[in-house]
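Shown next: model.cif, given as mmCIF, C-alpha atoms; chains and numbers go by the auth columns.
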```
data_input
loop_
_atom_site.group_PDB
_atom_site.id
_atom_site.type_symbol
_atom_site.label_atom_id
_atom_site.label_comp_id
_atom_site.label_asym_id
_atom_site.label_seq_id
_atom_site.Cartn_x
_atom_site.Cartn_y
_atom_site.Cartn_z
_atom_site.B_iso_or_equiv
_atom_site.auth_seq_id
_atom_site.auth_asym_id
ATOM 1 C CA MET A 1 38.947 -4.634 37.155 0.00 1307 I
ATOM 2 C CA SER A 2 37.055 -2.397 39.493 0.00 1308 I
ATOM 3 C CA THR A 3 38.145 0.117 42.069 0.00 1309 I
ATOM 4 C CA ASP A 4 34.614 1.284 42.843 0.00 1310 I
ATOM 5 C CA GLN A 5 33.813 -0.184 46.250 0.00 1311 I
ATOM 6 C CA SER A 6 30.078 0.605 46.005 0.00 1312 I
ATOM 7 C CA THR A 7 29.409 -1.871 43.186 0.00 1313 I
ATOM 8 C CA GLU A 8 32.086 -4.477 43.866 0.00 1314 I
ATOM 9 C CA LEU A 9 30.629 -7.947 44.377 0.00 1315 I
ATOM 10 C CA ILE A 10 33.686 -10.234 44.233 0.00 1316 I
ATOM 11 C CA ARG A 11 37.216 -9.420 45.337 0.00 1317 I
ATOM 12 C CA PHE A 12 40.334 -11.582 45.362 0.00 1318 I
ATOM 13 C CA ASP A 13 43.152 -9.921 47.296 0.00 1319 I
ATOM 14 C CA GLY A 14 46.620 -11.482 47.199 0.00 1320 I
ATOM 15 C CA VAL A 15 45.271 -15.021 46.776 0.00 1321 I
ATOM 16 C CA SER A 16 47.765 -17.847 46.305 0.00 1322 I
ATOM 17 C CA LYS A 17 47.176 -21.577 45.903 0.00 1323 I
ATOM 18 C CA ARG A 18 49.594 -24.449 45.440 0.00 1324 I
ATOM 19 C CA PHE A 19 48.992 -28.102 44.665 0.00 1325 I
ATOM 20 C CA GLY A 20 52.223 -29.799 45.710 0.00 1326 I
ATOM 21 C CA GLU A 21 55.044 -28.112 43.800 0.00 1327 I
ATOM 22 C CA ASN A 22 52.620 -26.483 41.352 0.00 1328 I
ATOM 23 C CA THR A 23 51.634 -22.857 42.036 0.00 1329 I
ATOM 24 C CA VAL A 24 48.150 -22.517 40.523 0.00 1330 I
ATOM 25 C CA LEU A 25 47.359 -18.984 41.741 0.00 1331 I
ATOM 26 C CA ASP A 26 50.198 -16.587 42.396 0.00 1332 I
ATOM 27 C CA ASP A 27 49.342 -13.547 44.578 0.00 1333 I
ATOM 28 C CA LEU A 28 46.182 -12.997 42.532 0.00 1334 I
ATOM 29 C CA SER A 29 44.142 -9.807 42.952 0.00 1335 I
ATOM 30 C CA PHE A 30 41.103 -8.837 40.891 0.00 1336 I
ATOM 31 C CA SER A 31 37.506 -7.763 41.385 0.00 1337 I
ATOM 32 C CA VAL A 32 34.148 -8.091 39.653 0.00 1338 I
ATOM 33 C CA ASP A 33 31.371 -5.506 39.820 0.00 1339 I
ATOM 34 C CA ALA A 34 27.749 -6.411 40.535 0.00 1340 I
ATOM 35 C CA GLY A 35 25.786 -7.264 37.403 0.00 1341 I
ATOM 36 C CA LYS A 36 28.867 -7.641 35.219 0.00 1342 I
ATOM 37 C CA HIS A 37 29.779 -10.632 33.074 0.00 1343 I
ATOM 38 C CA VAL A 38 33.471 -11.462 33.297 0.00 1344 I
ATOM 39 C CA THR A 39 35.137 -14.243 31.315 0.00 1345 I
ATOM 40 C CA LEU A 40 38.409 -15.888 32.307 0.00 1346 I
ATOM 41 C CA ILE A 41 40.483 -17.146 29.379 0.00 1347 I
ATOM 42 C CA GLY A 42 43.909 -18.703 29.158 0.00 1348 I
ATOM 43 C CA PRO A 43 45.677 -22.045 28.756 0.00 1349 I
ATOM 44 C CA SER A 44 44.693 -25.128 30.721 0.00 1350 I
ATOM 45 C CA GLY A 45 46.301 -25.138 34.153 0.00 1351 I
ATOM 46 C CA SER A 46 46.446 -21.344 34.447 0.00 1352 I
ATOM 47 C CA GLY A 47 44.187 -21.324 37.525 0.00 1353 I
ATOM 48 C CA LYS A 48 40.825 -20.352 36.057 0.00 1354 I
ATOM 49 C CA THR A 49 38.740 -23.250 37.399 0.00 1355 I
ATOM 50 C CA THR A 50 40.499 -23.037 40.775 0.00 1356 I
ATOM 51 C CA ILE A 51 39.084 -19.510 41.123 0.00 1357 I
ATOM 52 C CA LEU A 52 35.545 -20.812 40.619 0.00 1358 I
ATOM 53 C CA ARG A 53 36.115 -23.723 42.986 0.00 1359 I
ATOM 54 C CA MET A 54 37.309 -21.327 45.696 0.00 1360 I
ATOM 55 C CA LEU A 55 34.171 -19.243 45.319 0.00 1361 I
ATOM 56 C CA MET A 56 32.172 -22.461 45.757 0.00 1362 I
ATOM 57 C CA THR A 57 34.339 -23.274 48.840 0.00 1363 I
ATOM 58 C CA LEU A 58 35.493 -26.500 47.154 0.00 1364 I
ATOM 59 C CA GLU A 59 39.108 -25.309 47.469 0.00 1365 I
ATOM 60 C CA ARG A 60 40.765 -23.086 50.058 0.00 1366 I
ATOM 61 C CA PRO A 61 43.439 -20.498 49.323 0.00 1367 I
ATOM 62 C CA ASP A 62 46.816 -20.972 50.965 0.00 1368 I
ATOM 63 C CA ARG A 63 47.110 -17.236 51.397 0.00 1369 I
ATOM 64 C CA GLY A 64 45.049 -14.111 50.743 0.00 1370 I
ATOM 65 C CA ARG A 65 41.475 -12.956 51.133 0.00 1371 I
ATOM 66 C CA ILE A 66 38.264 -13.472 49.135 0.00 1372 I
ATOM 67 C CA ASP A 67 35.176 -11.279 49.686 0.00 1373 I
ATOM 68 C CA VAL A 68 31.706 -11.742 48.184 0.00 1374 I
ATOM 69 C CA ASN A 69 29.056 -9.028 48.458 0.00 1375 I
ATOM 70 C CA GLY A 70 30.905 -7.283 51.273 0.00 1376 I
ATOM 71 C CA ALA A 71 31.341 -10.438 53.394 0.00 1377 I
ATOM 72 C CA GLN A 72 34.525 -12.411 53.889 0.00 1378 I
ATOM 73 C CA LEU A 73 34.517 -15.882 52.313 0.00 1379 I
ATOM 74 C CA PHE A 74 38.164 -16.671 53.150 0.00 1380 I
ATOM 75 C CA PRO A 75 39.449 -16.512 55.789 0.00 1381 I
ATOM 76 C CA ALA A 76 36.180 -17.082 57.680 0.00 1382 I
ATOM 77 C CA ASP A 77 34.572 -19.689 59.880 0.00 1383 I
ATOM 78 C CA GLU A 78 32.438 -22.452 58.404 0.00 1384 I
ATOM 79 C CA LYS A 79 29.137 -20.810 59.365 0.00 1385 I
ATOM 80 C CA GLN A 80 30.004 -17.575 57.587 0.00 1386 I
ATOM 81 C CA ARG A 81 31.266 -19.443 54.530 0.00 1387 I
ATOM 82 C CA ARG A 82 27.948 -21.301 54.296 0.00 1388 I
ATOM 83 C CA GLU A 83 26.015 -18.023 54.445 0.00 1389 I
ATOM 84 C CA VAL A 84 28.131 -16.362 51.763 0.00 1390 I
ATOM 85 C CA ARG A 85 28.019 -19.504 49.632 0.00 1391 I
ATOM 86 C CA LYS A 86 24.191 -19.273 49.432 0.00 1392 I
ATOM 87 C CA GLN A 87 24.639 -16.292 47.122 0.00 1393 I
ATOM 88 C CA ILE A 88 26.651 -18.287 44.576 0.00 1394 I
ATOM 89 C CA GLY A 89 25.487 -20.802 41.985 0.00 1395 I
ATOM 90 C CA MET A 90 27.728 -22.895 39.742 0.00 1396 I
ATOM 91 C CA VAL A 91 27.216 -24.862 36.543 0.00 1397 I
ATOM 92 C CA PHE A 92 29.859 -27.562 36.159 0.00 1398 I
ATOM 93 C CA GLN A 93 31.303 -29.283 33.098 0.00 1399 I
ATOM 94 C CA GLN A 94 29.803 -32.649 34.034 0.00 1400 I
ATOM 95 C CA PHE A 95 26.243 -31.539 35.014 0.00 1401 I
ATOM 96 C CA ASN A 96 26.505 -33.106 38.530 0.00 1402 I
ATOM 97 C CA LEU A 97 22.763 -33.802 38.745 0.00 1403 I
ATOM 98 C CA PHE A 98 21.371 -36.181 41.374 0.00 1404 I
ATOM 99 C CA PRO A 99 20.712 -39.349 39.313 0.00 1405 I
ATOM 100 C CA ASN A 100 18.167 -40.807 41.752 0.00 1406 I
ATOM 101 C CA MET A 101 15.945 -37.688 41.726 0.00 1407 I
ATOM 102 C CA SER A 102 13.512 -36.378 39.158 0.00 1408 I
ATOM 103 C CA VAL A 103 14.358 -33.199 37.262 0.00 1409 I
ATOM 104 C CA LEU A 104 11.893 -31.260 39.419 0.00 1410 I
ATOM 105 C CA ARG A 105 13.400 -32.620 42.642 0.00 1411 I
ATOM 106 C CA ASN A 106 16.900 -31.716 41.409 0.00 1412 I
ATOM 107 C CA LEU A 107 15.704 -28.112 41.224 0.00 1413 I
ATOM 108 C CA THR A 108 13.836 -28.010 44.547 0.00 1414 I
ATOM 109 C CA GLU A 109 16.195 -29.885 46.869 0.00 1415 I
ATOM 110 C CA ALA A 110 18.639 -27.045 47.623 0.00 1416 I
ATOM 111 C CA PRO A 111 16.041 -24.238 47.880 0.00 1417 I
ATOM 112 C CA VAL A 112 14.104 -26.354 50.415 0.00 1418 I
ATOM 113 C CA ARG A 113 17.066 -27.664 52.421 0.00 1419 I
ATOM 114 C CA VAL A 114 19.450 -24.699 52.207 0.00 1420 I
ATOM 115 C CA LEU A 115 17.157 -21.670 51.829 0.00 1421 I
ATOM 116 C CA GLY A 116 14.258 -23.074 53.864 0.00 1422 I
ATOM 117 C CA LEU A 117 11.712 -22.532 51.076 0.00 1423 I
ATOM 118 C CA GLY A 118 8.391 -24.329 51.370 0.00 1424 I
ATOM 119 C CA ARG A 119 8.025 -27.283 49.007 0.00 1425 I
ATOM 120 C CA GLU A 120 5.147 -25.661 47.105 0.00 1426 I
ATOM 121 C CA GLU A 121 7.024 -22.386 46.551 0.00 1427 I
ATOM 122 C CA ALA A 122 10.169 -24.260 45.536 0.00 1428 I
ATOM 123 C CA GLU A 123 8.219 -26.310 42.994 0.00 1429 I
ATOM 124 C CA GLU A 124 6.565 -23.203 41.569 0.00 1430 I
ATOM 125 C CA ARG A 125 9.988 -21.577 41.175 0.00 1431 I
ATOM 126 C CA ALA A 126 11.378 -24.769 39.630 0.00 1432 I
ATOM 127 C CA ARG A 127 8.561 -25.062 37.069 0.00 1433 I
ATOM 128 C CA GLY A 128 9.121 -21.462 36.022 0.00 1434 I
ATOM 129 C CA LEU A 129 12.806 -22.208 35.471 0.00 1435 I
ATOM 130 C CA LEU A 130 12.053 -25.386 33.520 0.00 1436 I
ATOM 131 C CA ASP A 131 9.867 -23.247 31.276 0.00 1437 I
ATOM 132 C CA LEU A 132 12.768 -20.788 30.894 0.00 1438 I
ATOM 133 C CA VAL A 133 15.165 -23.541 29.782 0.00 1439 I
ATOM 134 C CA GLY A 134 12.576 -25.224 27.542 0.00 1440 I
ATOM 135 C CA LEU A 135 12.113 -28.412 29.570 0.00 1441 I
ATOM 136 C CA THR A 136 8.645 -28.039 31.077 0.00 1442 I
ATOM 137 C CA GLU A 137 7.625 -31.521 29.941 0.00 1443 I
ATOM 138 C CA LYS A 138 10.674 -33.162 31.562 0.00 1444 I
ATOM 139 C CA ALA A 139 9.799 -32.341 35.193 0.00 1445 I
ATOM 140 C CA SER A 140 9.231 -35.969 36.184 0.00 1446 I
ATOM 141 C CA ALA A 141 12.076 -37.457 34.100 0.00 1447 I
ATOM 142 C CA ARG A 142 15.324 -38.733 35.621 0.00 1448 I
ATOM 143 C CA PRO A 143 18.635 -37.283 34.404 0.00 1449 I
ATOM 144 C CA SER A 144 19.518 -40.573 32.685 0.00 1450 I
ATOM 145 C CA GLN A 145 16.493 -40.093 30.414 0.00 1451 I
ATOM 146 C CA LEU A 146 17.790 -36.758 29.113 0.00 1452 I
ATOM 147 C CA SER A 147 20.340 -35.863 26.461 0.00 1453 I
ATOM 148 C CA GLY A 148 23.562 -34.149 27.518 0.00 1454 I
ATOM 149 C CA GLY A 149 22.243 -30.794 26.355 0.00 1455 I
ATOM 150 C CA GLN A 150 19.035 -31.271 28.335 0.00 1456 I
ATOM 151 C CA GLN A 151 20.991 -32.275 31.437 0.00 1457 I
ATOM 152 C CA GLN A 152 23.098 -29.125 31.192 0.00 1458 I
ATOM 153 C CA ARG A 153 19.920 -27.025 30.847 0.00 1459 I
ATOM 154 C CA VAL A 154 18.618 -28.648 34.033 0.00 1460 I
ATOM 155 C CA ALA A 155 21.946 -27.891 35.732 0.00 1461 I
ATOM 156 C CA ILE A 156 21.618 -24.223 34.707 0.00 1462 I
ATOM 157 C CA ALA A 157 18.042 -24.110 36.009 0.00 1463 I
ATOM 158 C CA ARG A 158 19.156 -25.757 39.261 0.00 1464 I
ATOM 159 C CA ALA A 159 21.819 -23.084 39.797 0.00 1465 I
ATOM 160 C CA LEU A 160 19.254 -20.340 39.117 0.00 1466 I
ATOM 161 C CA ALA A 161 16.755 -21.910 41.537 0.00 1467 I
ATOM 162 C CA MET A 162 18.864 -20.586 44.411 0.00 1468 I
ATOM 163 C CA ARG A 163 18.379 -17.017 43.103 0.00 1469 I
ATOM 164 C CA PRO A 164 22.140 -16.444 43.285 0.00 1470 I
ATOM 165 C CA LYS A 165 23.807 -13.064 43.035 0.00 1471 I
ATOM 166 C CA VAL A 166 26.746 -14.753 41.294 0.00 1472 I
ATOM 167 C CA LEU A 167 26.578 -17.473 38.629 0.00 1473 I
ATOM 168 C CA LEU A 168 29.793 -19.404 37.940 0.00 1474 I
ATOM 169 C CA LEU A 169 30.124 -21.197 34.602 0.00 1475 I
ATOM 170 C CA ASP A 170 32.933 -23.733 34.271 0.00 1476 I
ATOM 171 C CA GLU A 171 33.421 -24.889 30.667 0.00 1477 I
ATOM 172 C CA VAL A 172 29.719 -25.707 30.575 0.00 1478 I
ATOM 173 C CA THR A 173 29.764 -26.985 26.976 0.00 1479 I
ATOM 174 C CA SER A 174 32.969 -29.029 27.065 0.00 1480 I
ATOM 175 C CA ALA A 175 31.185 -32.324 27.812 0.00 1481 I
ATOM 176 C CA LEU A 176 28.509 -31.817 25.150 0.00 1482 I
ATOM 177 C CA ASP A 177 28.297 -33.203 21.633 0.00 1483 I
ATOM 178 C CA PRO A 178 29.060 -30.383 19.160 0.00 1484 I
ATOM 179 C CA GLU A 179 25.484 -30.167 17.876 0.00 1485 I
ATOM 180 C CA LEU A 180 24.196 -29.472 21.410 0.00 1486 I
ATOM 181 C CA VAL A 181 26.620 -26.651 22.218 0.00 1487 I
ATOM 182 C CA ALA A 182 24.815 -23.838 20.386 0.00 1488 I
ATOM 183 C CA GLY A 183 21.516 -24.379 22.220 0.00 1489 I
ATOM 184 C CA VAL A 184 23.121 -24.214 25.670 0.00 1490 I
ATOM 185 C CA LEU A 185 25.149 -21.115 24.745 0.00 1491 I
ATOM 186 C CA ASP A 186 22.017 -19.420 23.371 0.00 1492 I
ATOM 187 C CA LEU A 187 20.244 -20.097 26.678 0.00 1493 I
ATOM 188 C CA LEU A 188 23.132 -18.564 28.626 0.00 1494 I
ATOM 189 C CA ARG A 189 23.130 -15.537 26.312 0.00 1495 I
ATOM 190 C CA ASP A 190 19.423 -15.059 27.078 0.00 1496 I
ATOM 191 C CA ILE A 191 20.080 -15.285 30.834 0.00 1497 I
ATOM 192 C CA ALA A 192 22.967 -12.818 30.559 0.00 1498 I
ATOM 193 C CA ARG A 193 20.809 -10.314 28.692 0.00 1499 I
ATOM 194 C CA SER A 194 17.606 -10.694 30.702 0.00 1500 I
ATOM 195 C CA THR A 195 18.857 -10.839 34.313 0.00 1501 I
ATOM 196 C CA ASP A 196 21.135 -8.792 36.539 0.00 1502 I
ATOM 197 C CA ILE A 197 23.069 -11.841 37.779 0.00 1503 I
ATOM 198 C CA THR A 198 26.823 -11.349 38.005 0.00 1504 I
ATOM 199 C CA MET A 199 28.510 -13.999 35.862 0.00 1505 I
ATOM 200 C CA LEU A 200 32.034 -15.357 36.100 0.00 1506 I
ATOM 201 C CA CYS A 201 32.721 -17.659 33.189 0.00 1507 I
ATOM 202 C CA VAL A 202 35.549 -20.002 32.213 0.00 1508 I
ATOM 203 C CA THR A 203 35.242 -21.018 28.576 0.00 1509 I
ATOM 204 C CA HIS A 204 37.125 -21.860 25.402 0.00 1510 I
ATOM 205 C CA GLU A 205 34.116 -20.721 23.339 0.00 1511 I
ATOM 206 C CA MET A 206 35.613 -17.391 22.292 0.00 1512 I
ATOM 207 C CA ASN A 207 32.621 -16.163 20.273 0.00 1513 I
ATOM 208 C CA PHE A 208 30.434 -16.722 23.318 0.00 1514 I
ATOM 209 C CA ALA A 209 32.955 -14.846 25.493 0.00 1515 I
ATOM 210 C CA ARG A 210 32.953 -11.973 23.006 0.00 1516 I
ATOM 211 C CA ASP A 211 29.137 -11.856 23.002 0.00 1517 I
ATOM 212 C CA ILE A 212 28.365 -11.897 26.724 0.00 1518 I
ATOM 213 C CA SER A 213 31.380 -10.365 28.446 0.00 1519 I
ATOM 214 C CA ASP A 214 31.742 -6.895 29.877 0.00 1520 I
ATOM 215 C CA GLU A 215 35.358 -7.741 30.667 0.00 1521 I
ATOM 216 C CA VAL A 216 37.784 -10.499 29.708 0.00 1522 I
ATOM 217 C CA LEU A 217 40.711 -11.523 31.930 0.00 1523 I
ATOM 218 C CA MET A 218 43.625 -13.341 30.336 0.00 1524 I
ATOM 219 C CA PHE A 219 45.337 -15.749 32.763 0.00 1525 I
ATOM 220 C CA ASP A 220 48.766 -17.281 32.558 0.00 1526 I
ATOM 221 C CA SER A 221 50.664 -19.060 35.347 0.00 1527 I
ATOM 222 C CA GLY A 222 48.151 -18.088 38.017 0.00 1528 I
ATOM 223 C CA ARG A 223 48.095 -14.363 37.279 0.00 1529 I
ATOM 224 C CA VAL A 224 45.984 -11.953 35.247 0.00 1530 I
ATOM 225 C CA ILE A 225 48.376 -10.758 32.558 0.00 1531 I
ATOM 226 C CA GLU A 226 45.854 -8.668 30.614 0.00 1532 I
ATOM 227 C CA ALA A 227 42.330 -7.376 31.177 0.00 1533 I
ATOM 228 C CA GLY A 228 39.952 -5.355 29.082 0.00 1534 I
ATOM 229 C CA SER A 229 36.783 -5.251 27.020 0.00 1535 I
ATOM 230 C CA PRO A 230 36.137 -8.125 24.589 0.00 1536 I
ATOM 231 C CA GLU A 231 36.852 -5.746 21.708 0.00 1537 I
ATOM 232 C CA LYS A 232 40.274 -4.883 23.120 0.00 1538 I
ATOM 233 C CA ILE A 233 41.305 -8.397 24.164 0.00 1539 I
ATOM 234 C CA PHE A 234 40.141 -10.167 21.002 0.00 1540 I
ATOM 235 C CA SER A 235 40.980 -7.462 18.464 0.00 1541 I
ATOM 236 C CA GLU A 236 43.965 -5.582 19.928 0.00 1542 I
ATOM 237 C CA PRO A 237 45.627 -7.655 22.664 0.00 1543 I
ATOM 238 C CA GLU A 238 48.721 -5.991 24.087 0.00 1544 I
ATOM 239 C CA HIS A 239 50.478 -8.951 25.693 0.00 1545 I
ATOM 240 C CA GLU A 240 52.439 -11.363 23.523 0.00 1546 I
ATOM 241 C CA ARG A 241 51.138 -14.339 25.550 0.00 1547 I
ATOM 242 C CA THR A 242 47.546 -13.236 24.883 0.00 1548 I
ATOM 243 C CA ARG A 243 48.259 -13.013 21.150 0.00 1549 I
ATOM 244 C CA GLU A 244 49.812 -16.495 21.200 0.00 1550 I
ATOM 245 C CA PHE A 245 46.874 -17.997 23.063 0.00 1551 I
ATOM 246 C CA LEU A 246 44.218 -16.404 20.862 0.00 1552 I
ATOM 247 C CA GLY A 247 46.150 -17.380 17.768 0.00 1553 I
ATOM 248 C CA ALA A 248 45.894 -20.999 18.903 0.00 1554 I
ATOM 249 C CA VAL A 249 42.187 -21.019 19.806 0.00 1555 I
ATOM 250 C CA LEU A 250 40.543 -18.662 17.300 0.00 1556 I
#
```

Translate the structure of the given file into structure tokens.
Amino acid sequence: MSTDQSTELIRFDGVSKRFGENTVLDDLSFSVDAGKHVTLIGPSGSGKTTILRMLMTLERPDRGRIDVNGAQLFPADEKQRREVRKQIGMVFQQFNLFPNMSVLRNLTEAPVRVLGLGREEAEERARGLLDLVGLTEKASARPSQLSGGQQQRVAIARALAMRPKVLLLDEVTSALDPELVAGVLDLLRDIARSTDITMLCVTHEMNFARDISDEVLMFDSGRVIEAGSPEKIFSEPEHERTREFLGAVL
């Protein structure tokens, strides 16, 4: 968790969120520095995905403030939220590709409509990203013609097509067949090592978290109960709840 204002890219300050009687985030405060890779771990229902959904403006906090790159995301008016949101890309569990569009069109639609890129420039960017994810030959295919692993690679490329400052990863391998998981994780490792994109990741793939993370945050009941380097969290956790959780998943 950072206190250095000059490099801070994401800040949650006293954020709370309830769904009915269930408190999902409880007065949560944490920050992420620019260029860092931070992984959120913890049991299901501890609020991890809600954090990502708030950054994507898919959920609103009941209380508290969220800043991204020095601008207020919540509370803010809709116009400001849209501007801040342009800096954030997300890869979902279920791919969420447009089934009626080609792979290439899936990658160009948002850069053209949201960023105002020319079609030619957007397609050039998209083809470069398809090369990066190893799917150059699939540009004209529809999502239904791809395997799950290929669809998730397209979803990663689509998020990168917006040139985001922040990339959110929400259990991106949980919907994949086991034999496809390693390829997608290897791609994300390459992106983590070769770009300066800030990454906020929710995953149960603990080896992946250990490999890519600068910091790991352990969540329980809507709060960060422990934070530290992967070496510290995975090898010498201090909190009993962290030890219990890791004992169950490792």

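Nearest to I:Lys1354 of all the residues I:Phe1380, I:Phe1525, I:Phe1404, I:Phe1551 is I:Phe1525, counting only C-alpha atoms.
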
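Going from atom CA of I:Val1472 to atom CA of I:Gln1393 covers 6.4 Å.
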
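The residue set within 10 Å of I:Thr1329, counting all atoms listed in the file and dropping same-chain residues fewer than 4 places from it, reads I:Ser1322, I:Lys1323, I:Arg1324, I:Phe1325, I:Asp1333, I:Gly1351, I:Ser1352, I:Gly1353, I:Ser1527, I:Gly1528.
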
Problem - Computed interatomic separation between atom CA of I:Gln1399 and atom CA of I:Leu1482 (Å) - result: 8.8 Å

Exercise for the section: Can you turn the PyMOL selection byres ((chain I and resi 1335) around 12) into a concrete residue list for this file, as a PyMOL selection string? Expected result: chain I and resi 1307-1309+1316-1322+1331-1334+1336-1338+1357+1369-1373+1523+1525+1528-1531

Selected residues written out with C-alpha atoms, as an mmCIF file, in the coordinates of the input:
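Result saved to out_19.cif:
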```
data_model
loop_
_atom_site.group_PDB
_atom_site.id
_atom_site.type_symbol
_atom_site.label_atom_id
_atom_site.label_comp_id
_atom_site.auth_asym_id
_atom_site.auth_seq_id
_atom_site.Cartn_x
_atom_site.Cartn_y
_atom_site.Cartn_z
ATOM 1 C CA MET I 1307 38.947 -4.634 37.155
ATOM 2 C CA SER I 1308 37.055 -2.397 39.493
ATOM 3 C CA THR I 1309 38.145 0.117 42.069
ATOM 4 C CA ILE I 1316 33.686 -10.234 44.233
ATOM 5 C CA ARG I 1317 37.216 -9.420 45.337
ATOM 6 C CA PHE I 1318 40.334 -11.582 45.362
ATOM 7 C CA ASP I 1319 43.152 -9.921 47.296
ATOM 8 C CA GLY I 1320 46.620 -11.482 47.199
ATOM 9 C CA VAL I 1321 45.271 -15.021 46.776
ATOM 10 C CA SER I 1322 47.765 -17.847 46.305
ATOM 11 C CA LEU I 1331 47.359 -18.984 41.741
ATOM 12 C CA ASP I 1332 50.198 -16.587 42.396
ATOM 13 C CA ASP I 1333 49.342 -13.547 44.578
ATOM 14 C CA LEU I 1334 46.182 -12.997 42.532
ATOM 15 C CA PHE I 1336 41.103 -8.837 40.891
ATOM 16 C CA SER I 1337 37.506 -7.763 41.385
ATOM 17 C CA VAL I 1338 34.148 -8.091 39.653
ATOM 18 C CA ILE I 1357 39.084 -19.510 41.123
ATOM 19 C CA ARG I 1369 47.110 -17.236 51.397
ATOM 20 C CA GLY I 1370 45.049 -14.111 50.743
ATOM 21 C CA ARG I 1371 41.475 -12.956 51.133
ATOM 22 C CA ILE I 1372 38.264 -13.472 49.135
ATOM 23 C CA ASP I 1373 35.176 -11.279 49.686
ATOM 24 C CA LEU I 1523 40.711 -11.523 31.930
ATOM 25 C CA PHE I 1525 45.337 -15.749 32.763
ATOM 26 C CA GLY I 1528 48.151 -18.088 38.017
ATOM 27 C CA ARG I 1529 48.095 -14.363 37.279
ATOM 28 C CA VAL I 1530 45.984 -11.953 35.247
ATOM 29 C CA ILE I 1531 48.376 -10.758 32.558
#
```

Practice task
Extract, using all atoms listed in the file, all DNA, RNA and protein residues at most 12 Å from stretch 1385-1387 of chain I, discarding same-chain residues fewer than 4 positions from it, and format them as a ChimeraX atom specification.
Solution key: /I:1360-1364,1366,1372-1374,1377-1381,1391-1394

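In this model, the gap between atom CA of I:His1343 and atom CA of I:Thr1548 comes to 19.7 Å.
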
Need the axis-aligned box for stretch 1465-1478 of chain I with 8 Å each side, so what are the centre and edges in Å to one decimal, as JSON?
```
{"center_x": 25.1, "center_y": -19.4, "center_z": 37.5, "size_x": 32.7, "size_y": 28.6, "size_z": 29.8}
```

Problem - Distance criterion (all atoms listed in the file): nearest to I:Gly1326 out of I:Asp1368, I:Gly1440, I:Leu1494, I:Ala1488 - result: I:Asp1368

For stretch 1347-1378 of chain I against stretch 1507-1518 of chain I, with a cut-off of 9 Å and counting only C-alpha atoms, what is the closest atom pair and its distance in Å to one decimal for every residue that makes the cut, ordered by chain and number, as CSV?
```
residue,atom,partner,partner_atom,distance
I:Ile1347,CA,I:Val1508,CA,6.4
I:Gly1348,CA,I:His1510,CA,8.4
I:Lys1354,CA,I:Val1508,CA,6.5
I:Thr1355,CA,I:Val1508,CA,6.9
I:Leu1358,CA,I:Val1508,CA,8.4
```

Completion exercise
Using all atoms listed in the file, the shortest atom-to-atom distance to I:Phe1540 among I:Ile1462, I:Val1344, I:Leu1552, I:Leu1423 belongs to I:Leu1552
